[in-house]
file query_36.cif (mmCIF, C-alpha atoms (C1' of nucleotides))
data_structure
#
loop_
_atom_site.label_atom_id
_atom_site.label_comp_id
_atom_site.auth_asym_id
_atom_site.auth_seq_id
_atom_site.Cartn_x
_atom_site.Cartn_y
_atom_site.Cartn_z
CA MET A 1315 12.19 -3.11 5.49
CA THR A 1316 8.60 -3.97 4.64
CA THR A 1317 6.62 -3.71 1.43
CA PRO A 1318 4.93 -0.34 1.72
CA HIS A 1319 1.95 -0.78 -0.59
CA PRO A 1320 0.40 -4.22 -0.85
CA ASP A 1321 -1.84 -4.89 -3.80
CA PRO A 1322 -5.62 -5.20 -3.30
CA LEU A 1323 -5.49 -8.98 -3.48
CA THR A 1324 -2.95 -9.14 -0.66
CA LEU A 1325 -5.02 -6.68 1.37
CA ASP A 1326 -8.02 -8.96 0.92
CA VAL A 1327 -6.06 -11.93 2.20
CA ILE A 1328 -4.73 -9.95 5.16
CA GLU A 1329 -8.26 -8.94 6.09
CA LEU A 1330 -9.45 -12.54 5.79
CA ILE A 1331 -6.64 -13.70 8.03
CA GLY A 1332 -7.72 -11.09 10.56
CA ALA A 1333 -11.21 -12.57 10.41
CA VAL A 1334 -9.81 -16.06 10.89
CA VAL A 1335 -7.90 -14.89 13.97
CA ALA A 1336 -11.02 -13.29 15.44
CA ARG A 1337 -13.11 -16.42 14.82
CA TYR A 1338 -10.43 -18.65 16.27
CA HIS A 1339 -10.39 -16.66 19.48
CA GLU A 1340 -14.14 -16.59 19.83
CA GLU A 1341 -14.29 -20.35 19.59
CA TYR A 1342 -11.27 -20.95 21.78
CA ASP A 1343 -12.47 -18.67 24.58
CA ARG A 1344 -15.97 -20.13 24.40
CA ALA A 1345 -14.61 -23.67 24.67
CA ALA A 1346 -12.42 -22.61 27.61
CA ALA A 1347 -15.32 -20.86 29.34
CA ASP A 1348 -17.39 -24.03 29.04
CA HIS A 1349 -14.84 -25.56 31.41
CA ALA A 1350 -14.68 -22.43 33.59
CA LEU A 1351 -11.17 -21.74 32.30
CA THR A 1352 -9.69 -18.52 30.98
CA GLY A 1353 -8.01 -18.50 27.60
CA ALA A 1354 -4.56 -18.34 29.20
CA GLN A 1355 -5.34 -21.28 31.49
CA ALA A 1356 -6.67 -23.33 28.60
CA ARG A 1357 -3.57 -22.55 26.55
CA VAL A 1358 -1.21 -23.65 29.33
CA LEU A 1359 -3.22 -26.79 30.04
CA SER A 1360 -3.31 -27.72 26.36
CA LEU A 1361 0.41 -27.14 26.03
CA LEU A 1362 1.19 -29.33 29.04
CA SER A 1363 -1.17 -32.06 27.84
CA VAL A 1364 1.04 -32.45 24.78
CA ASP A 1365 4.26 -32.35 26.73
CA PRO A 1366 4.87 -31.71 30.46
CA MET A 1367 7.69 -29.22 30.94
CA PRO A 1368 9.49 -26.91 33.39
CA MET A 1369 7.73 -23.66 34.27
CA ARG A 1370 10.47 -21.75 32.50
CA LYS A 1371 9.85 -23.54 29.25
CA VAL A 1372 6.12 -22.83 29.43
CA ALA A 1373 6.95 -19.13 29.59
CA ARG A 1374 9.38 -19.39 26.71
CA THR A 1375 6.88 -21.28 24.58
CA LEU A 1376 4.08 -18.83 25.29
CA LYS A 1377 6.44 -15.87 24.95
CA CYS A 1378 5.61 -14.34 28.30
CA GLU A 1379 7.43 -13.71 31.58
CA PRO A 1380 8.06 -16.72 33.85
CA SER A 1381 6.40 -14.92 36.76
CA ASN A 1382 3.07 -15.07 34.93
CA ILE A 1383 3.20 -18.84 34.68
CA THR A 1384 3.44 -19.15 38.44
CA GLY A 1385 -0.03 -17.67 38.86
CA ILE A 1386 -1.66 -19.52 35.98
CA VAL A 1387 -0.30 -22.88 37.14
CA ASP A 1388 -1.34 -21.96 40.71
CA ARG A 1389 -4.95 -21.64 39.53
CA LEU A 1390 -4.81 -24.82 37.45
CA GLU A 1391 -3.28 -26.66 40.38
CA LEU A 1392 -6.01 -25.35 42.70
CA ARG A 1393 -8.55 -26.79 40.26
CA GLY A 1394 -6.74 -30.13 40.33
CA LEU A 1395 -5.94 -30.01 36.62
CA VAL A 1396 -2.17 -29.63 36.87
CA GLU A 1397 0.51 -30.59 39.35
CA ARG A 1398 4.12 -29.53 39.97
CA ARG A 1399 6.60 -32.40 40.05
CA PRO A 1400 10.25 -32.25 41.09
CA ASP A 1401 12.87 -32.73 38.39
CA PRO A 1402 15.23 -35.48 39.56
CA ALA A 1403 18.03 -34.01 37.47
CA ASP A 1404 17.83 -30.43 38.77
CA ARG A 1405 16.27 -29.54 42.08
CA ARG A 1406 15.65 -25.96 41.01
CA VAL A 1407 13.25 -27.11 38.30
CA LYS A 1408 9.54 -27.83 38.74
CA LEU A 1409 7.88 -29.85 36.03
CA ALA A 1410 4.30 -28.80 35.32
CA ALA A 1411 2.16 -31.75 34.25
CA PRO A 1412 -1.60 -32.32 33.85
CA THR A 1413 -3.35 -34.62 36.29
CA GLU A 1414 -5.57 -37.32 34.90
CA GLU A 1415 -8.51 -34.92 35.09
CA GLY A 1416 -6.36 -32.29 33.42
CA HIS A 1417 -5.74 -34.64 30.51
CA ARG A 1418 -9.46 -35.32 30.24
CA THR A 1419 -10.25 -31.60 30.23
CA ALA A 1420 -7.56 -30.92 27.63
CA ARG A 1421 -9.02 -33.62 25.40
CA GLN A 1422 -12.53 -32.21 25.73
CA LEU A 1423 -11.17 -28.76 25.00
CA ARG A 1424 -9.56 -30.00 21.83
CA ASP A 1425 -12.69 -31.84 20.72
CA ALA A 1426 -14.86 -28.80 21.42
CA LEU A 1427 -12.74 -26.55 19.27
CA GLY A 1428 -15.08 -26.66 16.33
CA PHE A 1429 -13.23 -23.98 14.48
CA ALA A 1430 -11.60 -24.98 11.26
CA ARG A 1431 -13.25 -28.35 11.53
CA GLU A 1432 -16.79 -27.46 10.56
CA PRO A 1433 -15.65 -24.75 8.15
CA LEU A 1434 -13.10 -27.13 6.65
CA ALA A 1435 -15.79 -29.70 6.08
CA GLU A 1436 -16.99 -27.34 3.36
CA LEU A 1437 -13.79 -27.92 1.45
CA SER A 1438 -12.93 -31.00 -0.55
CA GLU A 1439 -9.91 -33.07 0.36
CA GLU A 1440 -8.00 -31.61 -2.54
CA GLU A 1441 -8.85 -28.08 -1.48
CA ARG A 1442 -7.77 -28.76 2.08
CA THR A 1443 -4.48 -30.07 0.74
CA VAL A 1444 -3.98 -26.89 -1.26
CA LEU A 1445 -4.86 -24.79 1.80
CA ARG A 1446 -2.46 -26.76 3.98
CA ASP A 1447 0.41 -26.29 1.54
CA LEU A 1448 -0.24 -22.58 1.10
CA LEU A 1449 -0.36 -22.02 4.87
CA ARG A 1450 2.82 -24.03 5.30
CA ARG A 1451 4.65 -21.90 2.79
CA MET A 1452 3.38 -18.71 4.44
CA LEU A 1453 4.52 -19.82 7.87
CA GLY A 1454 7.72 -21.33 6.56
CA THR A 1455 8.93 -17.85 5.70
CA GLN A 1456 11.10 -16.32 8.42
CA ARG A 1457 11.46 -19.62 10.22
CA GLU A 1458 14.76 -20.87 11.53
CA ALA A 1459 15.91 -24.39 10.60
CA MET B 1045 -23.07 -31.39 17.07
CA THR B 1046 -19.46 -31.47 15.93
CA THR B 1047 -17.44 -33.92 13.90
CA PRO B 1048 -15.75 -36.06 16.53
CA HIS B 1049 -12.76 -37.39 14.62
CA PRO B 1050 -11.19 -35.14 12.02
CA ASP B 1051 -8.92 -36.76 9.50
CA PRO B 1052 -5.14 -36.16 9.69
CA LEU B 1053 -5.25 -33.64 6.86
CA THR B 1054 -7.84 -31.54 8.68
CA LEU B 1055 -5.81 -31.79 11.89
CA ASP B 1056 -2.80 -30.48 9.99
CA VAL B 1057 -4.76 -27.52 8.73
CA ILE B 1058 -6.15 -26.80 12.20
CA GLU B 1059 -2.64 -26.81 13.63
CA LEU B 1060 -1.42 -24.49 10.87
CA ILE B 1061 -4.27 -22.10 11.56
CA GLY B 1062 -3.25 -22.11 15.22
CA ALA B 1063 0.26 -21.16 14.13
CA VAL B 1064 -1.12 -18.37 11.96
CA VAL B 1065 -3.09 -17.03 14.92
CA ALA B 1066 0.01 -17.08 17.15
CA ARG B 1067 2.12 -15.32 14.55
CA TYR B 1068 -0.57 -12.74 13.91
CA HIS B 1069 -0.69 -11.84 17.59
CA GLU B 1070 3.06 -11.62 17.95
CA GLU B 1071 3.25 -9.16 15.11
CA TYR B 1072 0.21 -7.18 16.17
CA ASP B 1073 1.33 -6.79 19.78
CA ARG B 1074 4.86 -5.89 18.72
CA ALA B 1075 3.54 -3.21 16.33
CA ALA B 1076 1.29 -1.85 19.10
CA ALA B 1077 4.14 -1.85 21.64
CA ASP B 1078 6.27 0.15 19.21
CA HIS B 1079 3.70 2.91 19.72
CA ALA B 1080 3.46 2.27 23.47
CA LEU B 1081 -0.05 0.88 22.99
CA THR B 1082 -1.56 -2.31 24.34
CA GLY B 1083 -3.19 -4.75 21.94
CA ALA B 1084 -6.66 -3.70 23.08
CA GLN B 1085 -5.87 -0.01 22.62
CA ALA B 1086 -4.45 -0.64 19.15
CA ARG B 1087 -7.52 -2.65 18.18
CA VAL B 1088 -9.91 0.10 19.27
CA LEU B 1089 -7.86 2.81 17.57
CA SER B 1090 -7.68 0.82 14.33
CA LEU B 1091 -11.42 0.18 14.43
CA LEU B 1092 -12.20 3.87 14.93
CA SER B 1093 -9.77 4.92 12.21
CA VAL B 1094 -11.92 3.00 9.73
CA ASP B 1095 -15.19 4.33 11.08
CA PRO B 1096 -15.86 6.55 14.14
CA MET B 1097 -18.75 5.17 16.17
CA PRO B 1098 -20.63 5.28 19.50
CA MET B 1099 -18.93 3.65 22.47
CA ARG B 1100 -21.68 1.05 22.56
CA LYS B 1101 -20.98 -0.03 19.01
CA VAL B 1102 -17.27 -0.38 19.74
CA ALA B 1103 -18.15 -2.84 22.48
CA ARG B 1104 -20.54 -4.75 20.23
CA THR B 1105 -17.97 -4.95 17.45
CA LEU B 1106 -15.23 -6.13 19.78
CA LYS B 1107 -17.62 -8.46 21.61
CA CYS B 1108 -16.86 -7.12 25.06
CA GLU B 1109 -18.75 -5.21 27.76
CA PRO B 1110 -19.36 -1.48 27.18
CA SER B 1111 -17.75 -0.65 30.51
CA ASN B 1112 -14.39 -1.84 29.19
CA ILE B 1113 -14.48 0.59 26.32
CA THR B 1114 -14.77 3.51 28.73
CA GLY B 1115 -11.32 2.77 30.17
CA ILE B 1116 -9.63 2.01 26.87
CA VAL B 1117 -10.96 5.18 25.25
CA ASP B 1118 -9.98 7.09 28.42
CA ARG B 1119 -6.37 6.04 27.92
CA LEU B 1120 -6.41 6.74 24.19
CA GLU B 1121 -7.95 10.15 24.88
CA LEU B 1122 -5.28 10.89 27.50
CA ARG B 1123 -2.69 10.14 24.84
CA GLY B 1124 -4.41 12.52 22.44
CA LEU B 1125 -5.17 9.77 19.94
CA VAL B 1126 -8.97 9.68 20.26
CA GLU B 1127 -11.68 12.16 21.24
CA ARG B 1128 -15.31 11.84 22.32
CA ARG B 1129 -17.75 13.90 20.28
CA PRO B 1130 -21.42 14.56 21.03
CA ASP B 1131 -23.98 12.97 18.75
CA PRO B 1132 -26.33 15.74 17.55
CA ALA B 1133 -29.15 13.22 17.10
CA ASP B 1134 -29.02 11.66 20.59
CA ARG B 1135 -27.47 13.40 23.55
CA ARG B 1136 -26.88 10.14 25.39
CA VAL B 1137 -24.46 8.98 22.71
CA LYS B 1138 -20.74 9.78 22.57
CA LEU B 1139 -19.00 9.23 19.28
CA ALA B 1140 -15.43 8.02 19.61
CA ALA B 1141 -13.21 9.28 16.81
CA PRO B 1142 -9.44 9.39 16.24
CA THR B 1143 -7.69 12.75 16.33
CA GLU B 1144 -5.37 13.63 13.48
CA GLU B 1145 -2.49 12.10 15.40
CA GLY B 1146 -4.66 9.06 16.07
CA HIS B 1147 -5.20 8.61 12.36
CA ARG B 1148 -1.45 8.89 11.77
CA THR B 1149 -0.74 6.30 14.45
CA ALA B 1150 -3.40 3.96 13.04
CA ARG B 1151 -1.85 4.26 9.60
CA GLN B 1152 1.62 3.50 10.93
CA LEU B 1153 0.19 0.57 12.85
CA ARG B 1154 -1.35 -0.83 9.70
CA ASP B 1155 1.82 -0.33 7.70
CA ALA B 1156 3.93 -1.95 10.42
CA LEU B 1157 1.80 -5.06 10.46
CA GLY B 1158 4.18 -7.07 8.34
CA PHE B 1159 2.31 -10.27 8.91
CA ALA B 1160 0.73 -11.85 5.89
CA ARG B 1161 2.42 -9.28 3.72
CA GLU B 1162 5.96 -10.62 3.74
CA PRO B 1163 4.81 -14.23 3.95
CA LEU B 1164 2.32 -13.65 1.17
CA ALA B 1165 5.05 -12.25 -1.03
CA GLU B 1166 6.26 -15.83 -1.24
CA LEU B 1167 3.08 -16.79 -3.05
CA SER B 1168 2.28 -16.05 -6.67
CA GLU B 1169 -0.74 -13.98 -7.55
CA GLU B 1170 -2.62 -17.07 -8.59
CA GLU B 1171 -1.80 -18.80 -5.30
CA ARG B 1172 -2.93 -15.79 -3.30
CA THR B 1173 -6.20 -15.85 -5.22
CA VAL B 1174 -6.68 -19.49 -4.37
CA LEU B 1175 -5.87 -18.80 -0.72
CA ARG B 1176 -8.30 -15.87 -0.63
CA ASP B 1177 -11.13 -17.95 -2.07
CA LEU B 1178 -10.50 -20.87 0.29
CA LEU B 1179 -10.44 -18.58 3.33
CA ARG B 1180 -13.62 -16.87 2.14
CA ARG B 1181 -15.41 -20.18 1.88
CA MET B 1182 -14.19 -21.24 5.32
CA LEU B 1183 -15.39 -18.02 6.93
CA GLY B 1184 -18.55 -17.94 4.88
CA THR B 1185 -19.78 -20.96 6.77
CA GLN B 1186 -21.96 -20.05 9.74
CA ARG B 1187 -22.29 -16.46 8.62
CA GLU B 1188 -25.61 -14.66 8.60
CA ALA B 1189 -26.76 -12.90 5.40
"C1'" DT C 864 28.12 -16.32 39.51
"C1'" DA C 865 24.17 -17.90 36.92
"C1'" DT C 866 19.66 -20.02 36.77
"C1'" DT C 867 14.82 -21.59 38.41
"C1'" DG C 868 10.91 -20.44 40.38
"C1'" DT C 869 8.64 -17.30 43.38
"C1'" DT C 870 7.02 -12.98 45.50
"C1'" DA C 871 5.77 -8.06 45.43
"C1'" DT C 872 4.11 -4.35 42.79
"C1'" DA C 873 1.71 -1.76 39.41
"C1'" DC C 874 -1.03 -1.47 35.34
"C1'" DT C 875 -4.32 -3.14 31.98
"C1'" DC C 876 -8.23 -5.88 30.57
"C1'" DT C 877 -12.40 -8.13 31.74
"C1'" DA C 878 -17.29 -8.93 33.51
"C1'" DT C 879 -20.92 -7.62 36.79
"C1'" DA C 880 -23.77 -4.48 39.02
"C1'" DA C 881 -25.38 -0.03 40.19
"C1'" DC C 882 -25.68 4.72 38.87
"C1'" DT C 883 -26.75 9.28 35.62
"C1'" DA C 884 -28.56 11.46 31.95
"C1'" DT C 885 -31.03 11.18 28.43
"C1'" DA C 886 -34.88 9.10 25.37
"C1'" DT D 588 -39.45 2.27 31.06
"C1'" DA D 589 -35.57 1.64 28.25
"C1'" DT D 590 -30.96 2.95 26.54
"C1'" DA D 591 -25.97 5.15 26.46
"C1'" DG D 592 -22.23 5.82 29.00
"C1'" DT D 593 -20.04 5.76 33.38
"C1'" DT D 594 -18.41 4.25 37.95
"C1'" DA D 595 -17.17 0.81 41.42
"C1'" DT D 596 -15.51 -3.57 42.26
"C1'" DA D 597 -13.16 -7.87 41.88
"C1'" DG D 598 -10.48 -11.23 39.36
"C1'" DA D 599 -7.15 -12.35 35.92
"C1'" DG D 600 -3.12 -11.44 32.82
"C1'" DT D 601 1.06 -8.89 32.11
"C1'" DA D 602 5.93 -6.93 32.88
"C1'" DT D 603 9.48 -5.48 36.15
"C1'" DA D 604 12.35 -6.03 39.97
"C1'" DA D 605 14.04 -8.37 43.93
"C1'" DC D 606 14.49 -12.71 46.42
"C1'" DA D 607 15.60 -17.85 48.01
"C1'" DA D 608 17.23 -22.22 46.62
"C1'" DT D 609 20.14 -24.64 43.74
"C1'" DA D 610 23.55 -25.19 40.14
#
call {"tool": "encode", "arguments": {"input": "query_36.cif", "output": "structure tokens"}}
result
Amino acid sequence: MTTPHPDPLTLDVIELIGAVVARYHEEYDRAAADHALTGAQARVLSLLSVDPMPMRKVARTLKCEPSNITGIVDRLELRGLVERRPDPADRRVKLAAPTEEGHRTARQLRDALGFAREPLAELSEEERTVLRDLLRRMLGTQREA
Amino acid sequence: MTTPHPDPLTLDVIELIGAVVARYHEEYDRAAADHALTGAQARVLSLLSVDPMPMRKVARTLKCEPSNITGIVDRLELRGLVERRPDPADRRVKLAAPTEEGHRTARQLRDALGFAREPLAELSEEERTVLRDLLRRMLGTQREA
DNA sequence: TATTGTTATACTCTATAACTATA
DNA sequence: TATAGTTATAGAGTATAACAATA
């Protein structure tokens, strides 16, 4: 099912990816905390700032149970960062969308996410292109469509 | 403090890194769940399987409060995967170390972590070397020593 | 009947503060 | 007095199951 014994080079890369994941989270949580948001709240807000969507779809996108989203959006709504709008096409649906302040916060969050920006500044344009293409091919594996 | 307007190429890479982080977590949590462990429990167990250490050091390494580690190790100990040993040199210290079964579980966890192994199989050895070096340079930024 | 969002429940993770036993 | 680990507490995230409104 899986390759049982990766070579040392692959193990190195796996370890480096683990380090990237750890760094990414540190930076993301710090940026969220600067706005008194939890990581989960920041993730939902950022998602909605790209594209408002029904609660159900938020859960699907974040791969968690719909009941969780209720609470997270509750807290964002209490902070005035998100609002629930009716869906004219289906009265069961509630569309979660950032308020104007929510959009501002999401933008600041994105700008504050220094990760991969400062480190990437170390790389030349050509190197960043190579990195982009390698990551794309890695992620392209096991993808549908 | 930070570069305000990354170029499109950099934005692409940042987005890809976000996708890598998401995929990494999916796989990690799934592998942990297969052993009825939470992500946090699996992380602590994996850390200890590399190197048993005082509770305090676990917290420092995972960048969380020491009081959290008490509960996580409690649950791992209840499952028979980890044990607390006295430190002969300092009677305040408790060394957390995997049991034999804990080591087995940690090994299975590592083997089950398909991420970056299957995707990396798509890349040639030369490409993996390039990827490793680029990631190293990215992470090398902002590192002490 | 099926689906959307919610509520209720239980467990885990998390930080903070206070405690204990050592040093 | 300082440090290691723990406890107590409160808030947040998570999954499960049951529910009301709507389709």
call {"tool": "resolve_selection", "arguments": {"input": "query_36.cif", "expression": "the PyMOL selection byres ((chain B) within 12 of (chain C))", "output": "list of chain:residue names"}}
result
B:Leu1081, B:Thr1082, B:Gly1083, B:Ala1084, B:Gln1085, B:Lys1107, B:Cys1108, B:Glu1109, B:Pro1110, B:Ser1111, B:Asn1112, B:Ile1113, B:Thr1114, B:Gly1115, B:Ile1116, B:Arg1119, B:Ala1133, B:Asp1134, B:Arg1135, B:Arg1136, B:Val1137, B:Lys1138
call {"tool": "write_last_selection", "arguments": {"input": "query_36.cif", "atoms": "C-alpha atoms", "output": "PDB file, in the frame of the given file"}}
result
ATOM      1  CA  LEU B1081      -0.050   0.880  22.990  1.00  0.00           C
ATOM      2  CA  THR B1082      -1.560  -2.310  24.340  1.00  0.00           C
ATOM      3  CA  GLY B1083      -3.190  -4.750  21.940  1.00  0.00           C
ATOM      4  CA  ALA B1084      -6.660  -3.700  23.080  1.00  0.00           C
ATOM      5  CA  GLN B1085      -5.870  -0.010  22.620  1.00  0.00           C
ATOM      6  CA  LYS B1107     -17.620  -8.460  21.610  1.00  0.00           C
ATOM      7  CA  CYS B1108     -16.860  -7.120  25.060  1.00  0.00           C
ATOM      8  CA  GLU B1109     -18.750  -5.210  27.760  1.00  0.00           C
ATOM      9  CA  PRO B1110     -19.360  -1.480  27.180  1.00  0.00           C
ATOM     10  CA  SER B1111     -17.750  -0.650  30.510  1.00  0.00           C
ATOM     11  CA  ASN B1112     -14.390  -1.840  29.190  1.00  0.00           C
ATOM     12  CA  ILE B1113     -14.480   0.590  26.320  1.00  0.00           C
ATOM     13  CA  THR B1114     -14.770   3.510  28.730  1.00  0.00           C
ATOM     14  CA  GLY B1115     -11.320   2.770  30.170  1.00  0.00           C
ATOM     15  CA  ILE B1116      -9.630   2.010  26.870  1.00  0.00           C
ATOM     16  CA  ARG B1119      -6.370   6.040  27.920  1.00  0.00           C
ATOM     17  CA  ALA B1133     -29.150  13.220  17.100  1.00  0.00           C
ATOM     18  CA  ASP B1134     -29.020  11.660  20.590  1.00  0.00           C
ATOM     19  CA  ARG B1135     -27.470  13.400  23.550  1.00  0.00           C
ATOM     20  CA  ARG B1136     -26.880  10.140  25.390  1.00  0.00           C
ATOM     21  CA  VAL B1137     -24.460   8.980  22.710  1.00  0.00           C
ATOM     22  CA  LYS B1138     -20.740   9.780  22.570  1.00  0.00           C
TER      23      LYS B1138
END
call {"tool": "resolve_selection", "arguments": {"input": "query_36.cif", "expression": "the PyMOL selection byres ((chain A) within 9 of (chain B))", "output": "PyMOL selection string"}}
result
chain A and resi 1316-1320+1323-1328+1330-1339+1377+1425-1437+1439+1441-1456
call {"tool": "closest_residue", "arguments": {"input": "query_36.cif", "among": "B:Ala1140, B:Leu1125, B:Leu1089, B:Leu1153", "to": "chain D", "atoms": "all atoms listed in the file"}}
result
B:Ala1140
call {"tool": "residues_around", "arguments": {"input": "query_36.cif", "residues": "Glu1414 in chain A", "least_positions_apart": "3", "cutoff": "9 Å", "atoms": "all atoms listed in the file", "output": "JSON list (two decimals) with C-alpha atoms, in the coordinates of the input"}}
result
[["chain", "number", "residue", "atom", "x", "y", "z"],
["A", 1395, "LEU", "CA", -5.94, -30.01, 36.62],
["A", 1396, "VAL", "CA", -2.17, -29.63, 36.87],
["A", 1417, "HIS", "CA", -5.74, -34.64, 30.51],
["A", 1418, "ARG", "CA", -9.46, -35.32, 30.24],
["A", 1419, "THR", "CA", -10.25, -31.60, 30.23]]
call {"tool": "calpha_fit_and_write", "arguments": {"input": "query_36.cif", "fixed": "chain B", "moving": "chain A", "output": "compact mmCIF listing (two decimals) with C-alpha atoms, keeping the file's coordinate frame"}}
result
# COMPACT_ATOMS: atom_id res chain seq x y z
CA MET A 1315 -23.20 -31.33 17.03
CA THR A 1316 -19.59 -31.33 15.90
CA THR A 1317 -17.56 -33.81 13.88
CA PRO A 1318 -15.92 -35.95 16.53
CA HIS A 1319 -12.90 -37.29 14.66
CA PRO A 1320 -11.30 -35.07 12.05
CA ASP A 1321 -9.01 -36.71 9.56
CA PRO A 1322 -5.23 -36.13 9.76
CA LEU A 1323 -5.31 -33.61 6.93
CA THR A 1324 -7.89 -31.49 8.73
CA LEU A 1325 -5.89 -31.75 11.95
CA ASP A 1326 -2.85 -30.48 10.07
CA VAL A 1327 -4.79 -27.49 8.80
CA ILE A 1328 -6.19 -26.76 12.25
CA GLU A 1329 -2.69 -26.79 13.70
CA LEU A 1330 -1.45 -24.49 10.94
CA ILE A 1331 -4.28 -22.08 11.62
CA GLY A 1332 -3.27 -22.09 15.27
CA ALA A 1333 0.24 -21.16 14.18
CA VAL A 1334 -1.12 -18.38 11.99
CA VAL A 1335 -3.09 -17.00 14.94
CA ALA A 1336 -0.02 -17.06 17.17
CA ARG A 1337 2.12 -15.31 14.54
CA TYR A 1338 -0.55 -12.72 13.91
CA HIS A 1339 -0.67 -11.81 17.57
CA GLU A 1340 3.08 -11.60 17.94
CA GLU A 1341 3.28 -9.15 15.09
CA TYR A 1342 0.23 -7.17 16.13
CA ASP A 1343 1.36 -6.76 19.74
CA ARG A 1344 4.88 -5.86 18.64
CA ALA A 1345 3.56 -3.19 16.27
CA ALA A 1346 1.32 -1.84 19.03
CA ALA A 1347 4.16 -1.81 21.55
CA ASP A 1348 6.28 0.19 19.12
CA HIS A 1349 3.71 2.95 19.63
CA ALA A 1350 3.48 2.32 23.39
CA LEU A 1351 -0.02 0.91 22.91
CA THR A 1352 -1.52 -2.29 24.26
CA GLY A 1353 -3.15 -4.72 21.88
CA ALA A 1354 -6.62 -3.70 23.04
CA GLN A 1355 -5.84 0.00 22.55
CA ALA A 1356 -4.44 -0.64 19.09
CA ARG A 1357 -7.52 -2.65 18.16
CA VAL A 1358 -9.91 0.10 19.27
CA LEU A 1359 -7.87 2.81 17.56
CA SER A 1360 -7.71 0.82 14.32
CA LEU A 1361 -11.43 0.17 14.43
CA LEU A 1362 -12.23 3.86 14.95
CA SER A 1363 -9.81 4.91 12.21
CA VAL A 1364 -11.97 2.99 9.75
CA ASP A 1365 -15.22 4.31 11.11
CA PRO A 1366 -15.90 6.53 14.17
CA MET A 1367 -18.75 5.13 16.22
CA PRO A 1368 -20.62 5.26 19.55
CA MET A 1369 -18.92 3.62 22.53
CA ARG A 1370 -21.66 1.02 22.60
CA LYS A 1371 -20.96 -0.05 19.06
CA VAL A 1372 -17.25 -0.41 19.77
CA ALA A 1373 -18.13 -2.89 22.51
CA ARG A 1374 -20.51 -4.77 20.27
CA THR A 1375 -17.95 -4.97 17.48
CA LEU A 1376 -15.20 -6.17 19.78
CA LYS A 1377 -17.59 -8.48 21.62
CA CYS A 1378 -16.83 -7.15 25.07
CA GLU A 1379 -18.71 -5.25 27.77
CA PRO A 1380 -19.33 -1.52 27.19
CA SER A 1381 -17.74 -0.70 30.55
CA ASN A 1382 -14.38 -1.90 29.23
CA ILE A 1383 -14.46 0.56 26.35
CA THR A 1384 -14.76 3.47 28.75
CA GLY A 1385 -11.31 2.74 30.18
CA ILE A 1386 -9.61 1.97 26.87
CA VAL A 1387 -10.95 5.15 25.25
CA ASP A 1388 -9.97 7.06 28.43
CA ARG A 1389 -6.35 6.00 27.90
CA LEU A 1390 -6.42 6.73 24.17
CA GLU A 1391 -7.97 10.11 24.87
CA LEU A 1392 -5.29 10.86 27.49
CA ARG A 1393 -2.69 10.13 24.80
CA GLY A 1394 -4.46 12.51 22.43
CA LEU A 1395 -5.21 9.77 19.90
CA VAL A 1396 -8.98 9.67 20.27
CA GLU A 1397 -11.69 12.11 21.26
CA ARG A 1398 -15.32 11.81 22.38
CA ARG A 1399 -17.76 13.87 20.34
CA PRO A 1400 -21.43 14.50 21.09
CA ASP A 1401 -24.00 12.90 18.81
CA PRO A 1402 -26.34 15.65 17.61
CA ALA A 1403 -29.13 13.13 17.15
CA ASP A 1404 -29.00 11.56 20.62
CA ARG A 1405 -27.50 13.30 23.60
CA ARG A 1406 -26.91 10.04 25.43
CA VAL A 1407 -24.46 8.91 22.76
CA LYS A 1408 -20.74 9.73 22.63
CA LEU A 1409 -19.02 9.21 19.33
CA ALA A 1410 -15.44 7.97 19.65
CA ALA A 1411 -13.24 9.27 16.84
CA PRO A 1412 -9.47 9.39 16.23
CA THR A 1413 -7.73 12.75 16.32
CA GLU A 1414 -5.45 13.64 13.47
CA GLU A 1415 -2.55 12.11 15.37
CA GLY A 1416 -4.71 9.07 16.05
CA HIS A 1417 -5.25 8.63 12.32
CA ARG A 1418 -1.52 8.92 11.72
CA THR A 1419 -0.78 6.32 14.39
CA ALA A 1420 -3.43 3.98 13.01
CA ARG A 1421 -1.90 4.27 9.55
CA GLN A 1422 1.58 3.53 10.86
CA LEU A 1423 0.19 0.59 12.79
CA ARG A 1424 -1.36 -0.81 9.65
CA ASP A 1425 1.81 -0.32 7.63
CA ALA A 1426 3.93 -1.93 10.33
CA LEU A 1427 1.82 -5.05 10.40
CA GLY A 1428 4.20 -7.07 8.31
CA PHE A 1429 2.35 -10.27 8.90
CA ALA A 1430 0.78 -11.88 5.90
CA ARG A 1431 2.47 -9.33 3.71
CA GLU A 1432 6.01 -10.64 3.75
CA PRO A 1433 4.87 -14.26 3.98
CA LEU A 1434 2.38 -13.67 1.18
CA ALA A 1435 5.11 -12.28 -1.01
CA GLU A 1436 6.32 -15.87 -1.19
CA LEU A 1437 3.16 -16.84 -3.01
CA SER A 1438 2.37 -16.12 -6.63
CA GLU A 1439 -0.63 -14.03 -7.53
CA GLU A 1440 -2.52 -17.13 -8.55
CA GLU A 1441 -1.73 -18.83 -5.27
CA ARG A 1442 -2.86 -15.81 -3.29
CA THR A 1443 -6.11 -15.86 -5.23
CA VAL A 1444 -6.62 -19.52 -4.36
CA LEU A 1445 -5.81 -18.79 -0.71
CA ARG A 1446 -8.22 -15.86 -0.64
CA ASP A 1447 -11.06 -17.94 -2.07
CA LEU A 1448 -10.45 -20.85 0.29
CA LEU A 1449 -10.40 -18.54 3.33
CA ARG A 1450 -13.56 -16.83 2.13
CA ARG A 1451 -15.38 -20.12 1.86
CA MET A 1452 -14.17 -21.17 5.32
CA LEU A 1453 -15.35 -17.94 6.90
CA GLY A 1454 -18.51 -17.83 4.84
CA THR A 1455 -19.75 -20.88 6.70
CA GLN A 1456 -21.98 -20.00 9.65
CA ARG A 1457 -22.33 -16.41 8.54
CA GLU A 1458 -25.63 -14.61 8.50
CA ALA A 1459 -26.72 -12.82 5.31
